[in-house]
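Asker: mmCIF, C-alpha atoms, file structure-v3.cif:
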```
data_start
loop_
_atom_site.group_PDB
_atom_site.id
_atom_site.type_symbol
_atom_site.label_atom_id
_atom_site.label_comp_id
_atom_site.auth_asym_id
_atom_site.auth_seq_id
_atom_site.Cartn_x
_atom_site.Cartn_y
_atom_site.Cartn_z
ATOM 1 C CA MET H 555 0.000 0.000 0.000
ATOM 2 C CA SER H 556 1.324 3.446 -0.870
ATOM 3 C CA ALA H 557 1.886 6.178 1.681
ATOM 4 C CA PRO H 558 -0.860 8.798 2.079
ATOM 5 C CA VAL H 559 -0.246 12.075 0.225
ATOM 6 C CA PHE H 560 -0.906 15.533 1.715
ATOM 7 C CA LEU H 561 -0.820 18.945 0.058
ATOM 8 C CA ASP H 562 1.385 21.638 1.559
ATOM 9 C CA PRO H 563 1.496 24.619 -0.849
ATOM 10 C CA ASP H 564 4.267 26.213 1.264
ATOM 11 C CA LEU H 565 6.496 23.127 1.242
ATOM 12 C CA PRO H 566 10.062 24.353 1.834
ATOM 13 C CA ALA H 567 13.181 23.078 0.103
ATOM 14 C CA VAL H 568 14.539 20.600 2.641
ATOM 15 C CA SER H 569 17.199 17.937 2.931
ATOM 16 C CA ALA H 570 17.059 14.424 4.331
ATOM 17 C CA GLY H 571 16.897 14.441 8.122
ATOM 18 C CA GLU H 572 15.176 17.824 8.432
ATOM 19 C CA VAL H 573 11.657 18.202 9.841
ATOM 20 C CA VAL H 574 8.693 19.678 7.955
ATOM 21 C CA ILE H 575 5.692 20.836 9.986
ATOM 22 C CA LEU H 576 2.296 20.327 8.357
ATOM 23 C CA THR H 577 -0.496 22.453 9.857
ATOM 24 C CA GLY H 578 -4.088 23.451 9.126
ATOM 25 C CA ASP H 579 -6.767 21.299 7.531
ATOM 26 C CA GLU H 580 -4.296 18.858 5.962
ATOM 27 C CA ALA H 581 -2.687 18.165 9.344
ATOM 28 C CA HIS H 582 -6.102 17.788 10.970
ATOM 29 C CA HIS H 583 -7.106 15.286 8.286
ATOM 30 C CA ALA H 584 -3.870 13.341 8.718
ATOM 31 C CA VAL H 585 -4.020 13.221 12.518
ATOM 32 C CA ALA H 586 -7.738 13.138 13.366
ATOM 33 C CA VAL H 587 -9.293 11.457 10.326
ATOM 34 C CA GLN H 588 -6.576 9.107 9.068
ATOM 35 C CA ARG H 589 -5.157 8.687 12.585
ATOM 36 C CA LEU H 590 -1.535 8.730 11.492
ATOM 37 C CA ARG H 591 0.974 8.202 14.269
ATOM 38 C CA ALA H 592 4.728 8.473 14.722
ATOM 39 C CA GLY H 593 6.686 6.069 12.542
ATOM 40 C CA GLU H 594 4.237 5.954 9.622
ATOM 41 C CA ASP H 595 5.322 6.851 6.070
ATOM 42 C CA VAL H 596 3.787 9.900 4.361
ATOM 43 C CA VAL H 597 4.317 11.986 1.243
ATOM 44 C CA LEU H 598 3.976 15.779 1.114
ATOM 45 C CA VAL H 599 3.555 17.646 -2.190
ATOM 46 C CA ASP H 600 3.271 21.327 -3.060
ATOM 47 C CA GLY H 601 1.314 20.982 -6.311
ATOM 48 C CA ARG H 602 4.191 22.482 -8.324
ATOM 49 C CA GLY H 603 6.475 19.455 -8.594
ATOM 50 C CA ALA H 604 8.090 19.242 -5.153
ATOM 51 C CA ARG H 605 7.601 15.941 -3.326
ATOM 52 C CA VAL H 606 8.871 15.011 0.124
ATOM 53 C CA SER H 607 8.833 11.411 1.315
ATOM 54 C CA GLY H 608 9.145 11.085 5.048
ATOM 55 C CA VAL H 609 8.160 9.506 8.322
ATOM 56 C CA VAL H 610 5.792 11.012 10.876
ATOM 57 C CA ASP H 611 7.970 12.248 13.725
ATOM 58 C CA SER H 612 5.203 13.468 16.069
ATOM 59 C CA THR H 613 1.603 14.676 16.020
ATOM 60 C CA SER H 614 -0.678 17.026 17.914
ATOM 61 C CA PRO H 615 -4.358 17.853 17.238
ATOM 62 C CA ARG H 616 -3.622 20.426 14.476
ATOM 63 C CA GLU H 617 -0.002 19.669 13.575
ATOM 64 C CA MET H 618 2.082 16.836 12.139
ATOM 65 C CA ARG H 619 5.884 16.826 12.094
ATOM 66 C CA VAL H 620 7.456 14.832 9.278
ATOM 67 C CA ARG H 621 11.131 13.811 9.226
ATOM 68 C CA VAL H 622 12.321 14.031 5.599
ATOM 69 C CA VAL H 623 13.736 10.899 3.988
ATOM 70 C CA GLU H 624 13.828 12.201 0.399
ATOM 71 C CA HIS H 625 13.084 15.507 -1.371
ATOM 72 C CA VAL H 626 12.451 15.410 -5.122
ATOM 73 C CA GLN H 627 11.700 18.270 -7.524
ATOM 74 C CA GLU H 628 9.886 16.779 -10.502
ATOM 75 C CA PRO H 629 9.871 18.689 -13.804
ATOM 76 C CA SER H 630 6.612 20.131 -15.121
ATOM 77 C CA SER H 631 4.794 17.831 -17.485
ATOM 78 C CA ALA H 632 4.203 18.889 -21.054
ATOM 79 C CA PRO H 633 1.730 19.620 -22.474
ATOM 80 C CA ARG H 634 -0.240 21.335 -19.730
ATOM 81 C CA ILE H 635 -3.968 20.686 -19.814
ATOM 82 C CA THR H 636 -6.591 23.082 -18.457
ATOM 83 C CA VAL H 637 -10.228 22.057 -18.228
ATOM 84 C CA VAL H 638 -13.066 24.560 -17.878
ATOM 85 C CA GLN H 639 -16.539 23.400 -16.870
ATOM 86 C CA ALA H 640 -19.721 25.404 -16.375
ATOM 87 C CA ILE H 641 -21.482 24.799 -13.073
ATOM 88 C CA PRO H 642 -23.713 21.795 -13.763
ATOM 89 C CA LYS H 643 -27.079 21.008 -12.237
ATOM 90 C CA GLY H 644 -27.877 17.964 -10.139
ATOM 91 C CA ASP H 645 -25.586 14.952 -10.355
ATOM 92 C CA ARG H 646 -23.992 16.061 -13.616
ATOM 93 C CA ALA H 647 -20.894 17.361 -11.820
ATOM 94 C CA GLU H 648 -19.940 13.840 -10.788
ATOM 95 C CA ARG H 649 -20.497 12.594 -14.333
ATOM 96 C CA ALA H 650 -18.292 15.398 -15.728
ATOM 97 C CA VAL H 651 -15.437 14.403 -13.408
ATOM 98 C CA GLU H 652 -15.820 10.751 -14.406
ATOM 99 C CA LEU H 653 -15.617 11.668 -18.097
ATOM 100 C CA LEU H 654 -12.565 13.883 -17.583
ATOM 101 C CA THR H 655 -10.612 11.257 -15.706
#
```
Rewrite the structure from the file as structure tokens, please.

Answerer:
Amino acid sequence: MSAPVFLDPDLPAVSAGEVVILTGDEAHHAVAVQRLRAGEDVVLVDGRGARVSGVVDSTSPREMRVRVVEHVQEPSSAPRITVVQAIPKGDRAERAVELLT
């Protein structure tokens, strides 16, 4: 099973062994909903190509500390695709997402 992935738009450039602190809604989801604990593997991404693989170091109700194992900066994919969708009625939004993916 792959490690859970969390979005951190402010993900800093870090090296192996450093600690990244995830806060806000993503941290709450990781700690309270997914019940991640110290020692579990996670992946943090910034949505712009940076990816940090790490291990949960410690948790609190609204914060998760991740010890970095690997930091990778992936190049942007080409071509870029942008999809625009009008606001659909009823259950058509779900159908639109199914068709796009």

Asker: Evaluate the PyMOL selection byres ((chain H and resi 563-576) around 12) here and jot the selected residues down as a count of residues only.

Answerer: 45

Asker: Quick one: residues within 12 Å of segment 638-641 of chain H, all atoms listed in the file, excluding same-chain residues fewer than 6 positions away - as an MDAnalysis selection string?

Answerer: chainID H and resid 647:651 653:654

Asker: So how far away is atom CA of Asp595 of chain H from atom CA of Ala557 of chain H, in Å?

Answerer: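 Atom CA of Ala557 of chain H sits 5.6 Å away from atom CA of Asp595 of chain H.
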
Asker: Draw an axis-aligned box over all listed atoms of segment 591-606 of chain H, pad each side with 4 Å, and write its centre and edge lengths in Å, one decimal, as JSON.

Answerer:
```
{"center_x": 4.9, "center_y": 14.2, "center_z": 3.1, "size_x": 15.9, "size_y": 24.5, "size_z": 31.3}
```

Asker: State, in Å with one decimal place, the distance from atom CA of Asp645 of chain H to atom CA of Pro558 of chain H.

Answerer: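 Distance between the two atoms: 28.4 Å.
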
Asker: Quote the spacing between atom CA of Met555 of chain H and atom CA of Pro629 of chain H in Å to one decimal place.

Answerer: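 Spanning atom CA of Met555 of chain H to atom CA of Pro629 of chain H is a straight-line distance of 25.2 Å.
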
Asker: Rebuild segment 574-585 of chain H to all heavy atoms - output it as a short mmCIF file (atom, residue, chain, number, x, y, z; two decimals), in the frame of the given file, please.

Answerer:
```
data_model
loop_
_atom_site.label_atom_id
_atom_site.label_comp_id
_atom_site.auth_asym_id
_atom_site.auth_seq_id
_atom_site.Cartn_x
_atom_site.Cartn_y
_atom_site.Cartn_z
N VAL H 574 9.69 18.80 8.56
CA VAL H 574 8.69 19.68 7.96
C VAL H 574 7.46 19.62 8.84
O VAL H 574 7.04 18.54 9.26
CB VAL H 574 8.33 19.22 6.53
CG1 VAL H 574 7.20 20.06 5.96
CG2 VAL H 574 9.54 19.28 5.63
N ILE H 575 6.88 20.78 9.14
CA ILE H 575 5.69 20.84 9.99
C ILE H 575 4.48 21.11 9.11
O ILE H 575 4.41 22.15 8.45
CB ILE H 575 5.83 21.91 11.07
CG1 ILE H 575 7.05 21.62 11.94
CG2 ILE H 575 4.56 21.98 11.92
CD1 ILE H 575 7.38 22.72 12.93
N LEU H 576 3.55 20.18 9.10
CA LEU H 576 2.30 20.33 8.36
C LEU H 576 1.23 20.81 9.33
O LEU H 576 1.06 20.22 10.41
CB LEU H 576 1.89 18.99 7.74
CG LEU H 576 0.64 18.98 6.86
CD1 LEU H 576 0.89 19.81 5.60
CD2 LEU H 576 0.27 17.56 6.48
N THR H 577 0.52 21.90 8.98
CA THR H 577 -0.50 22.45 9.86
C THR H 577 -1.80 22.62 9.09
O THR H 577 -1.88 22.32 7.90
CB THR H 577 -0.06 23.83 10.41
OG1 THR H 577 0.16 24.71 9.32
CG2 THR H 577 1.18 23.72 11.25
N GLY H 578 -2.82 23.14 9.77
CA GLY H 578 -4.09 23.45 9.13
C GLY H 578 -4.95 22.24 8.87
O GLY H 578 -4.85 21.21 9.55
N ASP H 579 -5.81 22.36 7.84
CA ASP H 579 -6.77 21.30 7.53
C ASP H 579 -6.10 20.00 7.12
O ASP H 579 -6.59 18.92 7.45
CB ASP H 579 -7.72 21.76 6.42
CG ASP H 579 -8.67 22.86 6.89
OD1 ASP H 579 -8.88 22.98 8.11
OD2 ASP H 579 -9.19 23.59 6.03
N GLU H 580 -4.99 20.08 6.38
CA GLU H 580 -4.30 18.86 5.96
C GLU H 580 -3.76 18.09 7.17
O GLU H 580 -3.87 16.88 7.25
CB GLU H 580 -3.16 19.18 4.99
CG GLU H 580 -3.61 19.61 3.62
CD GLU H 580 -4.20 18.47 2.80
OE1 GLU H 580 -3.49 17.50 2.50
OE2 GLU H 580 -5.39 18.56 2.45
N ALA H 581 -3.19 18.82 8.13
CA ALA H 581 -2.69 18.16 9.34
C ALA H 581 -3.84 17.57 10.15
O ALA H 581 -3.73 16.45 10.66
CB ALA H 581 -1.91 19.16 10.19
N HIS H 582 -4.93 18.30 10.24
CA HIS H 582 -6.10 17.79 10.97
C HIS H 582 -6.59 16.50 10.32
O HIS H 582 -6.89 15.52 11.01
CB HIS H 582 -7.22 18.83 10.99
CG HIS H 582 -8.50 18.30 11.54
ND1 HIS H 582 -8.68 18.07 12.88
CD2 HIS H 582 -9.65 17.94 10.92
CE1 HIS H 582 -9.91 17.59 13.07
NE2 HIS H 582 -10.51 17.50 11.89
N HIS H 583 -6.66 16.48 8.99
CA HIS H 583 -7.11 15.29 8.29
C HIS H 583 -6.15 14.11 8.54
O HIS H 583 -6.59 12.99 8.77
CB HIS H 583 -7.21 15.57 6.79
CG HIS H 583 -7.75 14.41 6.01
ND1 HIS H 583 -9.07 14.05 6.02
CD2 HIS H 583 -7.12 13.50 5.22
CE1 HIS H 583 -9.24 12.99 5.27
NE2 HIS H 583 -8.07 12.63 4.77
N ALA H 584 -4.86 14.40 8.50
CA ALA H 584 -3.87 13.34 8.72
C ALA H 584 -3.95 12.76 10.13
O ALA H 584 -3.92 11.54 10.32
CB ALA H 584 -2.47 13.88 8.47
N VAL H 585 -4.08 13.65 11.11
CA VAL H 585 -4.02 13.22 12.52
C VAL H 585 -5.37 12.72 13.04
O VAL H 585 -5.45 11.67 13.67
CB VAL H 585 -3.49 14.38 13.40
CG1 VAL H 585 -3.53 14.01 14.86
CG2 VAL H 585 -2.08 14.74 12.97
#
```
